[in-house]
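Data first, discussion second: the structure below is written as structure tokens.
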Amino acid sequence: MDGVAESQRTLYPYVTGSSVVAIKYKDGILMAADMGGSYGSTLRYKSVERIKPVGKHSLLGASGEISDFQEILRYLDELILYDNMWDDGNSLGPKEVHNYLTRVMYNRRNKFNPLWNALVLGGVKNGQKYLGMVNMIGINFEDNHVATGLGNHLARPILRDEWHENLTFEEGVKLLEKCMRVLLYRDRSAVNKIQISKITDEGVTVFPPFSLKTYWEFSAFKNPTVGAEGSW
Amino acid sequence: MTKQHANWSPYDNNGGSCVAIAGADYCVIAADTRMSTGYNILTRDYSKISQLADKSVMASSGFQADVKALQKVLSARHLIYQHQHNKQMSCPAMAQLLSNTLYYKRFFPYYAFNVLGGLDSEGKGCVFTYDAVGSYERVGYSSQGSGSTLIMPFLDNQLKSPSPLLLPAKDAVTPLSEAEAVDLVKTVFASATERDIYTGDKVEIVILNASGIRREYMDLRKD
């Protein structure tokens, strides 16, 4: 029986993180994600850090299976370690890390045992900003703003409208908060504990978690079926 | 216990159209720059064109991760060829390599729909068109991808290719000038953008001729 072989392969995710949203701004990259880890429809973990620094020049944000994200962090640890051991003054930039991740994700997909994640990789090296995304089947691209999961549906349209070159830090944070607020209202698996991280040529800053102010007194929220045909 | 079936697919279609037209002494290769998944646009600025050798340029649409992997494999093989033969691969040679590479994965294919364009050893334009598993043919012009059903009949109408059954064999290469061919490509993409939801944003046009390689861009509708 194939029973043993099947149980070695990823079939579906168990503990998942919801969207990650990231933008390029004047000095570097800003990335935001909530701190929830859902176990199906249960909000099991509420302090999951889904954005982590990688080496000196990159930030990695992940949505999807949390254990696979932790596995990826272990791979990257080893990658950065070997890079440091060369001790040659060179260090892997965000483009290189993104390429490495893309190859890892694609190769796992080829073996029908994917790492069930959508990853956002952003960073700055020598003044050059880089922001890219790669998902569980290896699709990857770079752009001025990226998002995973429901963020593609809800956040990207806002970013397409309001993103522009040379956003200041304050403008960037405000824009990300706007996206995260929409996700909070409309994504079932979102949780109101947001972490924003920034990376510039000077380094990484992970800001302490905070909550977004929400307003639930909209008449449409209070009486959602008013005016809808056939409802009560 | 019945065998568990995967609830994820290793493939996706990221859409887009590719076109290539061969001329007497030039070749035009073009593709749009939209990358989609389902009904979403992932990015509006993604190049589907890859220069494999001095005189070979490939445009591929389909599943982007497979396209990327295919481009990497061919680039690597070309580098090895250069090390071993101290020269660039000719376009017909690259065409055969692409076909073999695709067929190598006959039972887990690269979901990539390719057109290869370039100049042959005599400096004449050549275009090769492929399916996902490596079946290929040298033609005077071709299109692949989501908009190909809209584009191909139009190219047939405009470029009046002689039948491959004719004897003696007639050249399929178009008598159009380079400027006219580029103009035709722009027209073709503007039209495909109207009706194909996966084609749009921008078209990237690469022109290969005796003096080298040139790139042009044209904005397309973004809806």
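In the structure tokens, chains take letters A, B, ... by order of appearance, with residues numbered from 1 within each chain and ligands from 1 in the order shown.
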
Any idea what's packed within 9 Å of Pro208 of chain A, counting only C-alpha atoms, ignoring anything in its chain fewer than 5 positions away? Could you give it as number ranges by chain? A: 194-197

Set the cut-off to 8 Å and count only C-alpha atoms: what are the residues of chain A that reach chain B? Output as a VMD selection string. chain A and resid 2 6 11 to 12 106 109 to 110 112 137 to 143 152 to 153

Would you mind exporting the chosen residues as a JSON list (two decimals), in the first residue's frame, restricted to C-alpha atoms?
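Ended up saving to result05.json:
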```
[["chain", "number", "residue", "atom", "x", "y", "z"],
["A", 2, "ASP", "CA", 1.08, 3.52, -0.72],
["A", 6, "GLU", "CA", 1.37, 9.46, 0.97],
["A", 11, "LEU", "CA", -1.79, 17.38, 1.42],
["A", 12, "TYR", "CA", -3.25, 20.51, 3.01],
["A", 106, "TYR", "CA", 9.74, 25.35, -7.50],
["A", 109, "ARG", "CA", 6.49, 21.70, -6.32],
["A", 110, "ASN", "CA", 8.25, 19.48, -8.88],
["A", 112, "PHE", "CA", 4.72, 17.17, -5.51],
["A", 137, "ILE", "CA", 4.04, 26.47, -7.06],
["A", 138, "GLY", "CA", 6.98, 28.71, -7.87],
["A", 139, "ILE", "CA", 5.23, 31.66, -9.51],
["A", 140, "ASN", "CA", 7.40, 34.69, -8.81],
["A", 141, "PHE", "CA", 7.67, 38.30, -9.82],
["A", 142, "GLU", "CA", 8.83, 41.64, -8.50],
["A", 143, "ASP", "CA", 6.89, 44.86, -8.37],
["A", 152, "ASN", "CA", -4.24, 40.51, -3.78],
["A", 153, "HIS", "CA", -7.97, 41.09, -4.00]]
```

Write out as a VMD selection string all residues of segment 3-205 of chain A that DSSP puts in alpha helix (DSSP H) for this structure's backbone. chain A and resid 3 to 6 66 to 86 94 to 110 150 to 162 169 to 186

DSSP on the backbone: what in chain B comes out strand (DSSP E), as a ChimeraX atom specification? /B:17-22,26-32,35-37,40-43,49-53,56-62,112-119,125-130,136-139,141-145,202-209,212-219

Taking 3 positions as the minimum chain separation for residues in the same chain, which residues sit within 7 Å of segment 123-129 of chain B when counting only C-alpha atoms? Answer as a tab-separated table (two decimals) with N, CA and C atoms, in the first residue's frame.
```
chain	number	residue	atom	x	y	z
B	20	ALA	N	5.73	36.23	-33.14
B	20	ALA	CA	7.03	36.44	-33.79
B	20	ALA	C	6.81	36.46	-35.30
B	21	ILE	N	7.51	37.36	-35.97
B	21	ILE	CA	7.39	37.48	-37.43
B	21	ILE	C	8.79	37.50	-38.02
B	22	ALA	N	9.00	36.69	-39.05
B	22	ALA	CA	10.32	36.63	-39.70
B	22	ALA	C	10.32	37.45	-40.97
B	23	GLY	N	11.38	38.23	-41.18
B	23	GLY	CA	11.50	39.01	-42.41
B	23	GLY	C	12.74	38.57	-43.16
B	24	ALA	N	13.01	39.25	-44.29
B	24	ALA	CA	14.13	38.85	-45.15
B	24	ALA	C	15.47	38.97	-44.40
B	25	ASP	N	15.58	40.03	-43.59
B	25	ASP	CA	16.87	40.20	-42.88
B	25	ASP	C	16.66	40.66	-41.45
B	26	TYR	N	15.46	40.40	-40.90
B	26	TYR	CA	15.17	40.82	-39.52
B	26	TYR	C	14.20	39.82	-38.92
B	27	CYS	N	14.03	39.92	-37.60
B	27	CYS	CA	12.99	39.12	-36.95
B	27	CYS	C	12.39	39.95	-35.82
B	95	ALA	N	16.69	26.02	-31.67
B	95	ALA	CA	15.33	25.53	-31.87
B	95	ALA	C	15.24	24.05	-31.54
B	114	ASN	N	5.74	28.45	-26.53
B	114	ASN	CA	6.88	29.24	-26.97
B	114	ASN	C	6.85	29.58	-28.44
B	115	VAL	N	7.42	30.78	-28.72
B	115	VAL	CA	7.83	31.08	-30.08
B	115	VAL	C	9.29	31.51	-30.01
B	116	LEU	N	10.09	30.91	-30.87
B	116	LEU	CA	11.50	31.26	-30.90
B	116	LEU	C	11.76	32.03	-32.18
B	117	GLY	N	12.39	33.20	-32.06
B	117	GLY	CA	12.67	33.99	-33.24
B	117	GLY	C	14.13	34.34	-33.31
B	118	GLY	N	14.63	34.57	-34.53
B	118	GLY	CA	16.02	34.97	-34.64
B	118	GLY	C	16.45	35.03	-36.08
B	119	LEU	N	17.78	35.04	-36.26
B	119	LEU	CA	18.36	35.06	-37.61
B	119	LEU	C	19.09	33.74	-37.82
B	120	ASP	N	18.85	33.11	-39.00
B	120	ASP	CA	19.55	31.85	-39.24
B	120	ASP	C	20.98	32.14	-39.70
B	136	TYR	N	7.71	21.05	-32.98
B	136	TYR	CA	8.00	22.37	-33.53
B	136	TYR	C	8.12	22.36	-35.03
B	137	GLU	N	8.10	23.59	-35.57
B	137	GLU	CA	8.08	23.76	-37.01
B	137	GLU	C	8.63	25.14	-37.33
B	138	ARG	N	9.43	25.23	-38.39
B	138	ARG	CA	9.88	26.56	-38.82
B	138	ARG	C	8.81	27.19	-39.68
B	139	VAL	N	8.46	28.42	-39.32
B	139	VAL	CA	7.39	29.13	-40.04
B	139	VAL	C	7.82	30.57	-40.30
B	140	GLY	N	6.99	31.28	-41.04
B	140	GLY	CA	7.31	32.68	-41.31
B	140	GLY	C	6.83	33.61	-40.21
B	141	TYR	N	5.83	33.16	-39.46
B	141	TYR	CA	5.26	33.97	-38.38
B	141	TYR	C	4.46	33.03	-37.49
B	142	SER	N	4.27	33.42	-36.24
B	142	SER	CA	3.43	32.60	-35.37
B	142	SER	C	3.00	33.39	-34.15
```

Polymer residues at most 9 Å from Thr16 of chain A, only C-alpha atoms, same-chain spacing of 6 or more positions, as a tab-separated table (two decimals) with N, CA, C and O atoms, in the first residue's frame:
```tsv
chain	number	residue	atom	x	y	z
A	36	GLY	N	-1.67	36.56	13.47
A	36	GLY	CA	-2.52	35.41	13.74
A	36	GLY	C	-2.06	34.12	13.09
A	36	GLY	O	-1.55	34.15	11.97
A	37	GLY	N	-2.23	32.99	13.80
A	37	GLY	CA	-2.02	31.68	13.21
A	37	GLY	C	-3.30	30.90	13.39
A	37	GLY	O	-3.63	30.51	14.52
A	38	SER	N	-4.03	30.67	12.30
A	38	SER	CA	-5.32	30.00	12.41
A	38	SER	C	-5.18	28.50	12.24
A	38	SER	O	-4.42	28.03	11.40
A	39	TYR	N	-5.93	27.76	13.02
A	39	TYR	CA	-5.97	26.30	12.89
A	39	TYR	C	-7.34	26.00	12.31
A	39	TYR	O	-8.30	25.80	13.04
A	40	GLY	N	-7.45	26.02	11.01
A	40	GLY	CA	-8.77	25.93	10.38
A	40	GLY	C	-9.52	27.21	10.67
A	40	GLY	O	-9.05	28.30	10.39
A	63	SER	N	2.76	34.01	4.23
A	63	SER	CA	1.40	33.60	4.57
A	63	SER	C	1.32	32.13	4.21
A	63	SER	O	2.16	31.60	3.49
A	64	GLY	N	0.29	31.46	4.73
A	64	GLY	CA	0.18	30.02	4.48
A	64	GLY	C	0.63	29.23	5.70
A	64	GLY	O	0.63	29.73	6.83
A	65	GLU	N	1.08	28.04	5.46
A	65	GLU	CA	1.44	27.10	6.54
A	65	GLU	C	2.62	27.62	7.36
A	65	GLU	O	3.70	27.85	6.82
A	66	ILE	N	2.40	27.79	8.66
A	66	ILE	CA	3.43	28.39	9.53
A	66	ILE	C	4.62	27.45	9.70
A	66	ILE	O	5.78	27.90	9.71
A	67	SER	N	4.37	26.15	9.79
A	67	SER	CA	5.50	25.23	9.98
A	67	SER	C	6.41	25.24	8.77
A	67	SER	O	7.63	25.14	8.89
A	117	ASN	N	3.25	27.98	1.12
A	117	ASN	CA	3.38	29.38	1.50
A	117	ASN	C	3.29	30.30	0.31
A	117	ASN	O	3.55	29.88	-0.82
A	189	SER	N	-9.97	35.43	8.38
A	189	SER	CA	-8.87	34.90	9.20
A	189	SER	C	-7.91	36.00	9.65
A	189	SER	O	-6.83	35.71	10.15
```

Option closest in space to Val124 of chain A, from A:Tyr45, A:Tyr14, A:Trp232, A:Tyr25 [counting only C-alpha atoms]: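 Between A:Tyr45, A:Tyr14, A:Trp232, A:Tyr25, the residue approaching Val124 of chain A most closely is A:Tyr25.
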
Just give me the gap between atom CA of Leu150 of chain A and atom CA of Asn135 of chain A in Å, one decimal is fine. 13.5 Å

Figure out the distance between atom CA of Gly15 of chain B and atom CA of Ser146 of chain B, please, to one decimal in Å.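 Distance reported for this atom pair: 5.7 Å.
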
From the list B:Gln71, B:Leu52, B:Asn209, B:Val173, which residue is nearest Ala93 of chain B when using only C-alpha atoms? B:Leu52

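Non-sequential neighbours of Pro209 of chain A (distance at most 12 Å, separation of 3 or more positions within a chain, only C-alpha atoms) are Ala32, Ala33, Asp34, Met35, Gly36, Lys46, Ser47, Val48, Glu49, Arg50, Ile51, Val191, Asn192, Lys193, Ile194, Gln195, Ile196, Ser197, Val206 and Leu212 of chain A.
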
Quick one: residues within 12 Å of Lys170 of chain B, only C-alpha atoms counted, chain neighbours fewer than 3 positions away excluded, as a PDB file with all heavy atoms, in the first residue's frame?
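Output (part-v2.pdb):
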```pdb
ATOM      1  N   VAL B 139       8.462  28.421 -39.323  1.00  0.00           N
ATOM      2  CA  VAL B 139       7.390  29.127 -40.045  1.00  0.00           C
ATOM      3  C   VAL B 139       7.822  30.570 -40.299  1.00  0.00           C
ATOM      4  O   VAL B 139       8.872  30.997 -39.837  1.00  0.00           O
ATOM      5  CB  VAL B 139       6.077  29.134 -39.227  1.00  0.00           C
ATOM      6  CG1 VAL B 139       5.437  27.773 -39.187  1.00  0.00           C
ATOM      7  CG2 VAL B 139       6.358  29.644 -37.826  1.00  0.00           C
ATOM      8  N   GLY B 140       6.993  31.281 -41.038  1.00  0.00           N
ATOM      9  CA  GLY B 140       7.313  32.685 -41.314  1.00  0.00           C
ATOM     10  C   GLY B 140       6.827  33.606 -40.215  1.00  0.00           C
ATOM     11  O   GLY B 140       7.318  34.716 -40.041  1.00  0.00           O
ATOM     12  N   LYS B 160      -0.123  36.305 -45.621  1.00  0.00           N
ATOM     13  CA  LYS B 160      -0.370  35.408 -46.746  1.00  0.00           C
ATOM     14  C   LYS B 160       0.749  34.389 -46.959  1.00  0.00           C
ATOM     15  O   LYS B 160       1.492  34.432 -47.938  1.00  0.00           O
ATOM     16  CB  LYS B 160      -0.531  36.217 -48.046  1.00  0.00           C
ATOM     17  CG  LYS B 160      -1.845  36.946 -48.131  1.00  0.00           C
ATOM     18  CD  LYS B 160      -2.272  37.063 -49.587  1.00  0.00           C
ATOM     19  CE  LYS B 160      -2.499  38.440 -50.111  1.00  0.00           C
ATOM     20  NZ  LYS B 160      -2.672  39.643 -49.650  1.00  0.00           N
ATOM     21  N   SER B 161       0.854  33.474 -46.020  1.00  0.00           N
ATOM     22  CA  SER B 161       1.924  32.487 -46.117  1.00  0.00           C
ATOM     23  C   SER B 161       1.629  31.453 -47.202  1.00  0.00           C
ATOM     24  O   SER B 161       0.501  30.997 -47.307  1.00  0.00           O
ATOM     25  CB  SER B 161       2.045  31.792 -44.769  1.00  0.00           C
ATOM     26  OG  SER B 161       3.106  30.896 -44.788  1.00  0.00           O
ATOM     27  N   PRO B 162       2.637  31.077 -48.014  1.00  0.00           N
ATOM     28  CA  PRO B 162       2.398  30.024 -49.003  1.00  0.00           C
ATOM     29  C   PRO B 162       2.211  28.692 -48.297  1.00  0.00           C
ATOM     30  O   PRO B 162       2.741  28.471 -47.211  1.00  0.00           O
ATOM     31  CB  PRO B 162       3.690  30.025 -49.823  1.00  0.00           C
ATOM     32  CG  PRO B 162       4.720  30.600 -48.925  1.00  0.00           C
ATOM     33  CD  PRO B 162       4.019  31.567 -48.030  1.00  0.00           C
ATOM     34  N   SER B 163       1.457  27.818 -48.903  1.00  0.00           N
ATOM     35  CA  SER B 163       1.180  26.541 -48.267  1.00  0.00           C
ATOM     36  C   SER B 163       2.459  25.715 -48.153  1.00  0.00           C
ATOM     37  O   SER B 163       3.259  25.671 -49.081  1.00  0.00           O
ATOM     38  CB  SER B 163       0.148  25.775 -49.083  1.00  0.00           C
ATOM     39  OG  SER B 163       0.117  24.422 -48.672  1.00  0.00           O
ATOM     40  N   PRO B 164       2.674  25.058 -47.016  1.00  0.00           N
ATOM     41  CA  PRO B 164       3.862  24.206 -46.868  1.00  0.00           C
ATOM     42  C   PRO B 164       3.835  22.991 -47.787  1.00  0.00           C
ATOM     43  O   PRO B 164       4.810  22.275 -47.918  1.00  0.00           O
ATOM     44  CB  PRO B 164       3.840  23.794 -45.399  1.00  0.00           C
ATOM     45  CG  PRO B 164       2.458  24.035 -44.939  1.00  0.00           C
ATOM     46  CD  PRO B 164       1.889  25.114 -45.771  1.00  0.00           C
ATOM     47  N   LEU B 165       2.696  22.756 -48.457  1.00  0.00           N
ATOM     48  CA  LEU B 165       2.587  21.600 -49.340  1.00  0.00           C
ATOM     49  C   LEU B 165       3.074  21.892 -50.758  1.00  0.00           C
ATOM     50  O   LEU B 165       3.176  21.002 -51.577  1.00  0.00           O
ATOM     51  CB  LEU B 165       1.121  21.127 -49.392  1.00  0.00           C
ATOM     52  CG  LEU B 165       0.495  20.747 -48.054  1.00  0.00           C
ATOM     53  CD1 LEU B 165      -1.008  20.567 -48.215  1.00  0.00           C
ATOM     54  CD2 LEU B 165       1.111  19.458 -47.524  1.00  0.00           C
ATOM     55  N   LEU B 166       3.338  23.178 -51.009  1.00  0.00           N
ATOM     56  CA  LEU B 166       3.748  23.546 -52.368  1.00  0.00           C
ATOM     57  C   LEU B 166       5.098  22.945 -52.734  1.00  0.00           C
ATOM     58  O   LEU B 166       5.987  22.830 -51.911  1.00  0.00           O
ATOM     59  CB  LEU B 166       3.865  25.073 -52.493  1.00  0.00           C
ATOM     60  CG  LEU B 166       2.583  25.884 -52.625  1.00  0.00           C
ATOM     61  CD1 LEU B 166       2.929  27.363 -52.634  1.00  0.00           C
ATOM     62  CD2 LEU B 166       1.859  25.530 -53.913  1.00  0.00           C
ATOM     63  N   LEU B 167       5.201  22.587 -54.026  1.00  0.00           N
ATOM     64  CA  LEU B 167       6.513  22.171 -54.541  1.00  0.00           C
ATOM     65  C   LEU B 167       6.823  22.982 -55.796  1.00  0.00           C
ATOM     66  O   LEU B 167       5.979  23.061 -56.674  1.00  0.00           O
ATOM     67  CB  LEU B 167       6.486  20.678 -54.909  1.00  0.00           C
ATOM     68  CG  LEU B 167       6.689  19.697 -53.766  1.00  0.00           C
ATOM     69  CD1 LEU B 167       6.488  18.270 -54.274  1.00  0.00           C
ATOM     70  CD2 LEU B 167       8.096  19.826 -53.164  1.00  0.00           C
ATOM     71  N   VAL B 173       8.910  33.507 -45.435  1.00  0.00           N
ATOM     72  CA  VAL B 173       9.326  34.767 -44.819  1.00  0.00           C
ATOM     73  C   VAL B 173       8.615  35.944 -45.490  1.00  0.00           C
ATOM     74  O   VAL B 173       8.450  35.986 -46.700  1.00  0.00           O
ATOM     75  CB  VAL B 173      10.866  34.882 -44.935  1.00  0.00           C
ATOM     76  CG1 VAL B 173      11.302  36.308 -45.072  1.00  0.00           C
ATOM     77  CG2 VAL B 173      11.524  34.210 -43.760  1.00  0.00           C
ATOM     78  N   THR B 174       8.205  36.895 -44.666  1.00  0.00           N
ATOM     79  CA  THR B 174       7.356  37.952 -45.189  1.00  0.00           C
ATOM     80  C   THR B 174       8.143  38.984 -45.986  1.00  0.00           C
ATOM     81  O   THR B 174       9.277  39.317 -45.649  1.00  0.00           O
ATOM     82  CB  THR B 174       6.611  38.650 -44.039  1.00  0.00           C
ATOM     83  OG1 THR B 174       5.833  39.709 -44.576  1.00  0.00           O
ATOM     84  CG2 THR B 174       7.597  39.248 -43.048  1.00  0.00           C
TER      85      THR B 174
END
```
